[in-house]
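Participant: Got a file for you: structure-v1.pdb, PDB, C-alpha atoms.
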```pdb
ATOM      1  CA  GLY K   1     -17.211  21.963   9.074  1.00  0.00           C
ATOM      2  CA  ALA K   2     -14.959  21.188   6.189  1.00  0.00           C
ATOM      3  CA  GLY K   3     -13.976  17.730   7.332  1.00  0.00           C
ATOM      4  CA  VAL K   4     -14.419  15.049   9.960  1.00  0.00           C
ATOM      5  CA  SER K   5     -13.646  16.455  13.380  1.00  0.00           C
ATOM      6  CA  GLN K   6     -12.517  14.371  16.350  1.00  0.00           C
ATOM      7  CA  SER K   7     -12.011  15.356  19.955  1.00  0.00           C
ATOM      8  CA  PRO K   8      -9.975  15.297  22.024  1.00  0.00           C
ATOM      9  CA  SER K   9      -6.902  15.085  19.828  1.00  0.00           C
ATOM     10  CA  ASN K  10      -4.937  13.564  22.696  1.00  0.00           C
ATOM     11  CA  LYS K  11      -6.090  11.828  25.854  1.00  0.00           C
ATOM     12  CA  VAL K  12      -3.925  10.496  28.652  1.00  0.00           C
ATOM     13  CA  THR K  13      -5.664   8.636  31.423  1.00  0.00           C
ATOM     14  CA  GLU K  14      -5.022   6.116  34.157  1.00  0.00           C
ATOM     15  CA  LYS K  15      -5.768   2.456  33.795  1.00  0.00           C
ATOM     16  CA  GLY K  16      -9.278   1.682  34.983  1.00  0.00           C
ATOM     17  CA  LYS K  17     -10.805   5.036  34.078  1.00  0.00           C
ATOM     18  CA  ASP K  18     -13.560   5.487  31.487  1.00  0.00           C
ATOM     19  CA  VAL K  19     -12.978   7.604  28.379  1.00  0.00           C
ATOM     20  CA  GLU K  20     -15.244   9.119  25.733  1.00  0.00           C
ATOM     21  CA  LEU K  21     -14.073   9.916  22.234  1.00  0.00           C
ATOM     22  CA  ARG K  22     -16.135  12.131  19.976  1.00  0.00           C
ATOM     23  CA  CYS K  23     -16.551  12.245  16.212  1.00  0.00           C
ATOM     24  CA  ASP K  24     -18.298  14.933  14.169  1.00  0.00           C
ATOM     25  CA  PRO K  25     -18.746  13.613  10.622  1.00  0.00           C
ATOM     26  CA  ILE K  26     -19.044  15.713   7.508  1.00  0.00           C
ATOM     27  CA  SER K  27     -22.510  17.224   7.381  1.00  0.00           C
ATOM     28  CA  GLY K  28     -24.906  15.052   5.408  1.00  0.00           C
ATOM     29  CA  HIS K  29     -22.761  11.929   5.539  1.00  0.00           C
ATOM     30  CA  THR K  30     -24.962   8.994   6.425  1.00  0.00           C
ATOM     31  CA  ALA K  31     -22.294   6.371   7.063  1.00  0.00           C
ATOM     32  CA  LEU K  32     -19.826   6.602   9.946  1.00  0.00           C
ATOM     33  CA  TYR K  33     -16.979   4.242  10.833  1.00  0.00           C
ATOM     34  CA  TRP K  34     -14.607   3.869  13.754  1.00  0.00           C
ATOM     35  CA  TYR K  35     -11.161   2.328  13.288  1.00  0.00           C
ATOM     36  CA  ARG K  36      -8.245   1.803  15.633  1.00  0.00           C
ATOM     37  CA  GLN K  37      -4.574   2.169  14.738  1.00  0.00           C
ATOM     38  CA  SER K  38      -2.208   0.506  17.157  1.00  0.00           C
ATOM     39  CA  LEU K  39       1.424  -0.561  17.069  1.00  0.00           C
ATOM     40  CA  GLY K  40       1.777  -3.953  15.530  1.00  0.00           C
ATOM     41  CA  GLN K  41      -1.910  -4.223  14.594  1.00  0.00           C
ATOM     42  CA  GLY K  42      -2.237  -1.623  11.886  1.00  0.00           C
ATOM     43  CA  LEU K  43      -5.654  -0.148  11.136  1.00  0.00           C
ATOM     44  CA  GLU K  44      -8.564  -2.218  12.413  1.00  0.00           C
ATOM     45  CA  PHE K  45     -12.282  -1.735  11.926  1.00  0.00           C
ATOM     46  CA  LEU K  46     -14.310  -1.292  15.111  1.00  0.00           C
ATOM     47  CA  ILE K  47     -17.903  -0.352  14.271  1.00  0.00           C
ATOM     48  CA  TYR K  48     -20.093   1.017  11.484  1.00  0.00           C
ATOM     49  CA  PHE K  49     -23.133   3.280  11.737  1.00  0.00           C
ATOM     50  CA  GLN K  50     -25.813   3.760   9.151  1.00  0.00           C
ATOM     51  CA  GLY K  51     -27.797   6.686  10.464  1.00  0.00           C
ATOM     52  CA  ASN K  52     -28.173   6.050  14.184  1.00  0.00           C
ATOM     53  CA  SER K  53     -28.062   2.285  14.041  1.00  0.00           C
ATOM     54  CA  ALA K  54     -24.972   0.105  14.155  1.00  0.00           C
ATOM     55  CA  PRO K  55     -25.484  -2.951  11.958  1.00  0.00           C
ATOM     56  CA  ASP K  56     -21.867  -4.068  12.349  1.00  0.00           C
ATOM     57  CA  LYS K  57     -20.169  -3.951  15.748  1.00  0.00           C
ATOM     58  CA  SER K  58     -18.000  -6.943  15.008  1.00  0.00           C
ATOM     59  CA  GLY K  59     -14.703  -5.104  15.477  1.00  0.00           C
ATOM     60  CA  LEU K  60     -15.287  -3.950  19.038  1.00  0.00           C
ATOM     61  CA  PRO K  61     -12.605  -5.841  20.982  1.00  0.00           C
ATOM     62  CA  SER K  62     -14.558  -6.381  24.211  1.00  0.00           C
ATOM     63  CA  ASP K  63     -17.749  -5.426  26.012  1.00  0.00           C
ATOM     64  CA  ARG K  64     -15.855  -2.543  27.596  1.00  0.00           C
ATOM     65  CA  PHE K  65     -16.198  -0.785  24.239  1.00  0.00           C
ATOM     66  CA  SER K  66     -19.462   0.798  23.141  1.00  0.00           C
ATOM     67  CA  ALA K  67     -20.509   3.481  20.698  1.00  0.00           C
ATOM     68  CA  GLU K  68     -23.561   5.471  19.848  1.00  0.00           C
ATOM     69  CA  ARG K  69     -24.624   7.957  17.252  1.00  0.00           C
ATOM     70  CA  THR K  70     -27.346  10.519  17.760  1.00  0.00           C
ATOM     71  CA  GLY K  71     -29.308  12.601  15.276  1.00  0.00           C
ATOM     72  CA  GLY K  72     -27.557  10.831  12.434  1.00  0.00           C
ATOM     73  CA  SER K  73     -24.545  12.992  13.158  1.00  0.00           C
ATOM     74  CA  VAL K  74     -22.199  13.002  16.162  1.00  0.00           C
ATOM     75  CA  SER K  75     -20.851   9.692  17.402  1.00  0.00           C
ATOM     76  CA  THR K  76     -19.261   8.841  20.728  1.00  0.00           C
ATOM     77  CA  LEU K  77     -16.982   5.867  21.361  1.00  0.00           C
ATOM     78  CA  THR K  78     -16.800   4.946  25.040  1.00  0.00           C
ATOM     79  CA  ILE K  79     -14.193   2.712  26.620  1.00  0.00           C
ATOM     80  CA  GLN K  80     -14.908   1.605  30.173  1.00  0.00           C
ATOM     81  CA  ARG K  81     -12.290   0.462  32.683  1.00  0.00           C
ATOM     82  CA  THR K  82      -9.462   1.228  30.280  1.00  0.00           C
ATOM     83  CA  GLN K  83      -6.520  -1.142  29.981  1.00  0.00           C
ATOM     84  CA  GLN K  84      -3.022  -0.473  28.702  1.00  0.00           C
ATOM     85  CA  GLU K  85      -3.718  -2.440  25.538  1.00  0.00           C
ATOM     86  CA  ASP K  86      -6.390   0.141  24.670  1.00  0.00           C
ATOM     87  CA  SER K  87      -3.627   2.656  23.931  1.00  0.00           C
ATOM     88  CA  ALA K  88      -3.935   3.519  20.242  1.00  0.00           C
ATOM     89  CA  VAL K  89      -5.043   6.165  17.778  1.00  0.00           C
ATOM     90  CA  TYR K  90      -8.797   6.000  17.282  1.00  0.00           C
ATOM     91  CA  LEU K  91      -9.898   7.168  13.850  1.00  0.00           C
ATOM     92  CA  CYS K  92     -13.339   8.137  12.696  1.00  0.00           C
ATOM     93  CA  ALA K  93     -14.404   8.227   9.050  1.00  0.00           C
ATOM     94  CA  SER K  94     -17.594   9.156   7.266  1.00  0.00           C
ATOM     95  CA  SER K  95     -18.949   8.728   3.774  1.00  0.00           C
ATOM     96  CA  HIS K  96     -21.817  10.402   1.985  1.00  0.00           C
ATOM     97  CA  LEU K  97     -23.529   7.135   1.219  1.00  0.00           C
ATOM     98  CA  TRP K  98     -22.983   3.654   2.496  1.00  0.00           C
ATOM     99  CA  GLY K  99     -21.563   1.325  -0.130  1.00  0.00           C
ATOM    100  CA  SER K 100     -18.545  -0.785  -0.889  1.00  0.00           C
ATOM    101  CA  ASN K 101     -17.069   1.702  -3.348  1.00  0.00           C
ATOM    102  CA  GLN K 102     -17.709   4.921  -1.440  1.00  0.00           C
ATOM    103  CA  PRO K 103     -14.649   6.927  -0.427  1.00  0.00           C
ATOM    104  CA  GLN K 104     -14.271   7.421   3.305  1.00  0.00           C
ATOM    105  CA  HIS K 105     -13.143  10.741   4.775  1.00  0.00           C
ATOM    106  CA  PHE K 106     -11.035  10.432   7.904  1.00  0.00           C
ATOM    107  CA  GLY K 107     -10.552  12.668  10.898  1.00  0.00           C
ATOM    108  CA  ASP K 108      -7.207  13.394  12.529  1.00  0.00           C
ATOM    109  CA  GLY K 109      -7.852  10.811  15.212  1.00  0.00           C
ATOM    110  CA  THR K 110      -7.670  10.733  18.996  1.00  0.00           C
ATOM    111  CA  ARG K 111      -4.393   9.498  20.426  1.00  0.00           C
ATOM    112  CA  LEU K 112      -5.274   7.589  23.595  1.00  0.00           C
ATOM    113  CA  SER K 113      -2.573   6.730  26.112  1.00  0.00           C
ATOM    114  CA  ILE K 114      -3.334   4.576  29.137  1.00  0.00           C
ATOM    115  CA  LEU K 115      -0.846   4.870  31.979  1.00  0.00           C
TER     116      LEU K 115
ATOM    117  CA  ALA F   1     -12.280 -13.892   5.647  1.00  0.00           C
ATOM    118  CA  GLN F   2     -10.646 -10.961   3.926  1.00  0.00           C
ATOM    119  CA  ARG F   3      -7.015 -10.054   4.212  1.00  0.00           C
ATOM    120  CA  VAL F   4      -4.698  -7.448   2.702  1.00  0.00           C
ATOM    121  CA  THR F   5      -0.947  -7.889   2.599  1.00  0.00           C
ATOM    122  CA  GLN F   6       1.613  -5.195   1.903  1.00  0.00           C
ATOM    123  CA  PRO F   7       4.911  -7.051   1.969  1.00  0.00           C
ATOM    124  CA  GLU F   8       7.159  -3.988   2.202  1.00  0.00           C
ATOM    125  CA  LYS F   9       7.149  -2.016   5.410  1.00  0.00           C
ATOM    126  CA  LEU F  10       9.702   0.456   4.036  1.00  0.00           C
ATOM    127  CA  LEU F  11      10.493   1.445   0.474  1.00  0.00           C
ATOM    128  CA  SER F  12      13.157   3.926  -0.585  1.00  0.00           C
ATOM    129  CA  VAL F  13      13.716   5.295  -4.068  1.00  0.00           C
ATOM    130  CA  PHE F  14      15.437   8.280  -5.620  1.00  0.00           C
ATOM    131  CA  LYS F  15      13.564  11.151  -7.218  1.00  0.00           C
ATOM    132  CA  GLY F  16      12.704  10.378 -10.817  1.00  0.00           C
ATOM    133  CA  ALA F  17      12.890   6.613 -10.366  1.00  0.00           C
ATOM    134  CA  PRO F  18       9.867   4.362 -10.886  1.00  0.00           C
ATOM    135  CA  VAL F  19       8.113   3.149  -7.784  1.00  0.00           C
ATOM    136  CA  GLU F  20       5.806   0.205  -7.143  1.00  0.00           C
ATOM    137  CA  LEU F  21       4.075  -0.442  -3.840  1.00  0.00           C
ATOM    138  CA  LYS F  22       2.826  -3.985  -3.633  1.00  0.00           C
ATOM    139  CA  CYS F  23      -0.573  -5.064  -2.378  1.00  0.00           C
ATOM    140  CA  ASN F  24      -2.049  -8.560  -2.390  1.00  0.00           C
ATOM    141  CA  TYR F  25      -5.462  -9.488  -1.121  1.00  0.00           C
ATOM    142  CA  SER F  26      -7.424 -12.525  -0.106  1.00  0.00           C
ATOM    143  CA  TYR F  27     -11.178 -12.427  -0.618  1.00  0.00           C
ATOM    144  CA  SER F  28     -13.623 -14.912  -2.039  1.00  0.00           C
ATOM    145  CA  GLY F  29     -15.930 -12.421  -3.749  1.00  0.00           C
ATOM    146  CA  SER F  30     -15.431  -9.354  -5.924  1.00  0.00           C
ATOM    147  CA  PRO F  31     -13.690  -6.774  -3.778  1.00  0.00           C
ATOM    148  CA  GLU F  32     -13.516  -3.042  -4.041  1.00  0.00           C
ATOM    149  CA  LEU F  33      -9.929  -1.905  -3.601  1.00  0.00           C
ATOM    150  CA  PHE F  34      -8.459   1.414  -2.519  1.00  0.00           C
ATOM    151  CA  TRP F  35      -5.173   3.110  -1.842  1.00  0.00           C
ATOM    152  CA  TYR F  36      -5.137   5.582   1.053  1.00  0.00           C
ATOM    153  CA  VAL F  37      -2.193   7.870   1.814  1.00  0.00           C
ATOM    154  CA  GLN F  38      -1.066   9.697   4.935  1.00  0.00           C
ATOM    155  CA  TYR F  39       1.425  12.512   4.416  1.00  0.00           C
ATOM    156  CA  SER F  40       3.463  13.770   7.370  1.00  0.00           C
ATOM    157  CA  ARG F  41       1.237  15.531   9.918  1.00  0.00           C
ATOM    158  CA  GLN F  42      -1.855  15.118   7.747  1.00  0.00           C
ATOM    159  CA  ARG F  43      -4.881  12.899   8.010  1.00  0.00           C
ATOM    160  CA  LEU F  44      -5.424   9.706   6.119  1.00  0.00           C
ATOM    161  CA  GLN F  45      -6.931  10.454   2.714  1.00  0.00           C
ATOM    162  CA  LEU F  46      -8.083   8.530  -0.315  1.00  0.00           C
ATOM    163  CA  LEU F  47      -5.552   8.383  -3.132  1.00  0.00           C
ATOM    164  CA  LEU F  48      -7.427   6.257  -5.624  1.00  0.00           C
ATOM    165  CA  ARG F  49      -9.928   3.417  -5.973  1.00  0.00           C
ATOM    166  CA  HIS F  50      -9.934   0.735  -8.587  1.00  0.00           C
ATOM    167  CA  ILE F  51     -13.492   1.370  -9.713  1.00  0.00           C
ATOM    168  CA  SER F  52     -12.561   4.853 -10.893  1.00  0.00           C
ATOM    169  CA  ARG F  53      -9.692   3.663 -13.098  1.00  0.00           C
ATOM    170  CA  GLU F  54      -8.114   7.074 -12.738  1.00  0.00           C
ATOM    171  CA  SER F  55      -4.610   8.398 -12.272  1.00  0.00           C
ATOM    172  CA  ILE F  56      -4.092  10.616  -9.254  1.00  0.00           C
ATOM    173  CA  LYS F  57      -0.836  12.560  -8.768  1.00  0.00           C
ATOM    174  CA  GLY F  58       0.677  10.313 -11.431  1.00  0.00           C
ATOM    175  CA  PHE F  59      -0.186   7.111  -9.539  1.00  0.00           C
ATOM    176  CA  THR F  60      -2.113   4.247 -11.078  1.00  0.00           C
ATOM    177  CA  ALA F  61      -3.200   0.876  -9.768  1.00  0.00           C
ATOM    178  CA  ASP F  62      -4.575  -2.065 -11.706  1.00  0.00           C
ATOM    179  CA  LEU F  63      -6.650  -4.792 -10.172  1.00  0.00           C
ATOM    180  CA  ASN F  64      -5.303  -8.194 -11.198  1.00  0.00           C
ATOM    181  CA  LYS F  65      -7.864 -10.762 -10.123  1.00  0.00           C
ATOM    182  CA  GLY F  66      -5.734 -13.672 -11.287  1.00  0.00           C
ATOM    183  CA  GLU F  67      -2.856 -12.671  -9.051  1.00  0.00           C
ATOM    184  CA  THR F  68      -5.170 -11.064  -6.442  1.00  0.00           C
ATOM    185  CA  SER F  69      -3.036  -7.949  -6.526  1.00  0.00           C
ATOM    186  CA  PHE F  70      -3.592  -4.194  -6.631  1.00  0.00           C
ATOM    187  CA  HIS F  71      -0.104  -2.744  -6.886  1.00  0.00           C
ATOM    188  CA  LEU F  72       0.362   1.038  -6.877  1.00  0.00           C
ATOM    189  CA  LYS F  73       2.735   2.439  -9.482  1.00  0.00           C
ATOM    190  CA  LYS F  74       4.263   5.720 -10.506  1.00  0.00           C
ATOM    191  CA  PRO F  75       6.784   6.032 -13.325  1.00  0.00           C
ATOM    192  CA  PHE F  76       8.721   8.988 -11.878  1.00  0.00           C
ATOM    193  CA  ALA F  77       8.672   9.431  -8.103  1.00  0.00           C
ATOM    194  CA  GLN F  78       8.757  12.909  -6.558  1.00  0.00           C
ATOM    195  CA  GLU F  79       9.965  13.943  -3.108  1.00  0.00           C
ATOM    196  CA  GLU F  80       6.434  15.014  -2.177  1.00  0.00           C
ATOM    197  CA  ASP F  81       5.302  11.411  -2.665  1.00  0.00           C
ATOM    198  CA  SER F  82       7.053  10.479   0.579  1.00  0.00           C
ATOM    199  CA  ALA F  83       4.292   9.216   2.867  1.00  0.00           C
ATOM    200  CA  MET F  84       2.647   6.165   4.403  1.00  0.00           C
ATOM    201  CA  TYR F  85       0.531   4.245   1.908  1.00  0.00           C
ATOM    202  CA  TYR F  86      -2.233   1.837   2.857  1.00  0.00           C
ATOM    203  CA  CYS F  87      -3.958  -0.623   0.585  1.00  0.00           C
ATOM    204  CA  ALA F  88      -7.532  -1.352   1.659  1.00  0.00           C
ATOM    205  CA  LEU F  89     -10.286  -3.740   0.654  1.00  0.00           C
ATOM    206  CA  SER F  90     -14.026  -3.424   1.040  1.00  0.00           C
ATOM    207  CA  GLY F  91     -15.804  -6.762   0.898  1.00  0.00           C
ATOM    208  CA  THR F  92     -19.112  -5.726   2.377  1.00  0.00           C
ATOM    209  CA  SER F  93     -22.026  -3.818   0.928  1.00  0.00           C
ATOM    210  CA  TYR F  94     -21.568  -1.035   3.457  1.00  0.00           C
ATOM    211  CA  GLY F  95     -17.912  -0.230   2.990  1.00  0.00           C
ATOM    212  CA  LYS F  96     -16.147  -1.691   6.009  1.00  0.00           C
ATOM    213  CA  LEU F  97     -12.456  -1.462   5.150  1.00  0.00           C
ATOM    214  CA  THR F  98      -9.758  -4.023   5.797  1.00  0.00           C
ATOM    215  CA  PHE F  99      -6.332  -2.394   5.643  1.00  0.00           C
ATOM    216  CA  GLY F 100      -2.869  -3.698   4.931  1.00  0.00           C
ATOM    217  CA  GLN F 101      -0.064  -2.910   7.351  1.00  0.00           C
ATOM    218  CA  GLY F 102       1.085   0.046   5.283  1.00  0.00           C
ATOM    219  CA  THR F 103       4.266   0.920   3.395  1.00  0.00           C
ATOM    220  CA  ILE F 104       6.390   3.938   4.248  1.00  0.00           C
ATOM    221  CA  LEU F 105       7.685   5.390   0.998  1.00  0.00           C
ATOM    222  CA  THR F 106      10.702   7.679   1.118  1.00  0.00           C
ATOM    223  CA  VAL F 107      11.771   9.497  -2.027  1.00  0.00           C
ATOM    224  CA  HIS F 108      15.305  10.819  -1.786  1.00  0.00           C
ATOM    225  CA  PRO F 109      16.456  13.932  -3.689  1.00  0.00           C
TER     226      PRO F 109
END
```
Translate the structure described by the file into structure tokens.
Facilitator:
Amino acid sequence: GAGVSQSPSNKVTEKGKDVELRCDPISGHTALYWYRQSLGQGLEFLIYFQGNSAPDKSGLPSDRFSAERTGGSVSTLTIQRTQQEDSAVYLCASSHLWGSNQPQHFGDGTRLSIL
Amino acid sequence: AQRVTQPEKLLSVFKGAPVELKCNYSYSGSPELFWYVQYSRQRLQLLLRHISRESIKGFTADLNKGETSFHLKKPFAQEEDSAMYYCALSGTSYGKLTFGQGTILTVHP
């Protein structure tokens, strides 16, 4: 595809349910990042993938959050036993190479609402 | 710890006026700094990065290490510049970004 693709674009679920968010990075991009954009908190880093491994998971807010990446491509962010404070827009970004000065390309995000 | 501060949540100017969006950072090393922009109903996209020293859509930003600032400037604002602007810092070797809170710029006709 032409850009980073995320699905679903919107997700409404009940508190306590599990959710899976998907990210398809730009083909050939080795680095993949998840961020969260919530009211009052701005944009926060969650996790970084280099290939299939995640050397930095420091932004995951609790052990209810996990992520994986397979085949060096698609990534899934899973939130178990969702809470209302998990409501946010979850953004995925990828870059061709990992590096401090590499531009990141963002998807449209998944808007998650927990009832 | 790294931190990015954008002191203005909202900024309004008239078309043709100069505009400056402020960004200050806190980081002990040599950071890489970026401006990202989100136009209405579009995704977040890179506007410019300090390493490139380029002007994009008439915008420039200079890294001032003494004042730990990376302000975004444009001499003559246009209505199409209206958007949310984020300043971001990368202090790691792998590009993890720390964002400011963002500034909503509105350019009035």
Participant: Would you mind telling me which residue in F:Thr106, F:Ser28, F:Thr5, F:Ser69 lies nearest to chain K when using all atoms listed in the file?
Facilitator: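 Among the listed residues, the smallest separation from chain K belongs to F:Thr5.
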Participant: If you measure from atom CA of F:Gly58 to atom CA of F:Pro7, what distance in Å do you get, rounded to one decimal?
Facilitator: 22.3 Å
Participant: Here's the selection I'm unsure about, the PyMOL selection byres ((chain F) within 6 of (chain K)); applied to the file above, which residues does it give, as a list in words?
Facilitator: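 Applying the expression gives Glu32, Arg43, Leu44, Ser90, Thr92, Ser93, Tyr94, Gly95, Phe99 and Gln101 of chain F.
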Participant: Generate the output file for the selected residues, C-alpha atoms, as a short mmCIF file (atom, residue, chain, number, x, y, z; two decimals), in the frame of the given file.
Facilitator:
```
data_model
loop_
_atom_site.label_atom_id
_atom_site.label_comp_id
_atom_site.auth_asym_id
_atom_site.auth_seq_id
_atom_site.Cartn_x
_atom_site.Cartn_y
_atom_site.Cartn_z
CA GLU F 32 -13.52 -3.04 -4.04
CA ARG F 43 -4.88 12.90 8.01
CA LEU F 44 -5.42 9.71 6.12
CA SER F 90 -14.03 -3.42 1.04
CA THR F 92 -19.11 -5.73 2.38
CA SER F 93 -22.03 -3.82 0.93
CA TYR F 94 -21.57 -1.03 3.46
CA GLY F 95 -17.91 -0.23 2.99
CA PHE F 99 -6.33 -2.39 5.64
CA GLN F 101 -0.06 -2.91 7.35
#
```
Participant: Using the file's own x, y and z axes, so that the box edges lie along x, y and z, what centre and edge lengths in Å (one decimal) does a box around every listed atom of stretch 2-12 of chain F get when 8 Å is added on each side? Give it as JSON.
Facilitator:
```
{"center_x": 1.3, "center_y": -3.5, "center_z": 2.4, "size_x": 39.8, "size_y": 30.9, "size_z": 22.0}
```
Participant: So how far away is atom CA of F:Phe76 from atom CA of F:Thr60, in Å?
Facilitator: 11.9 Å
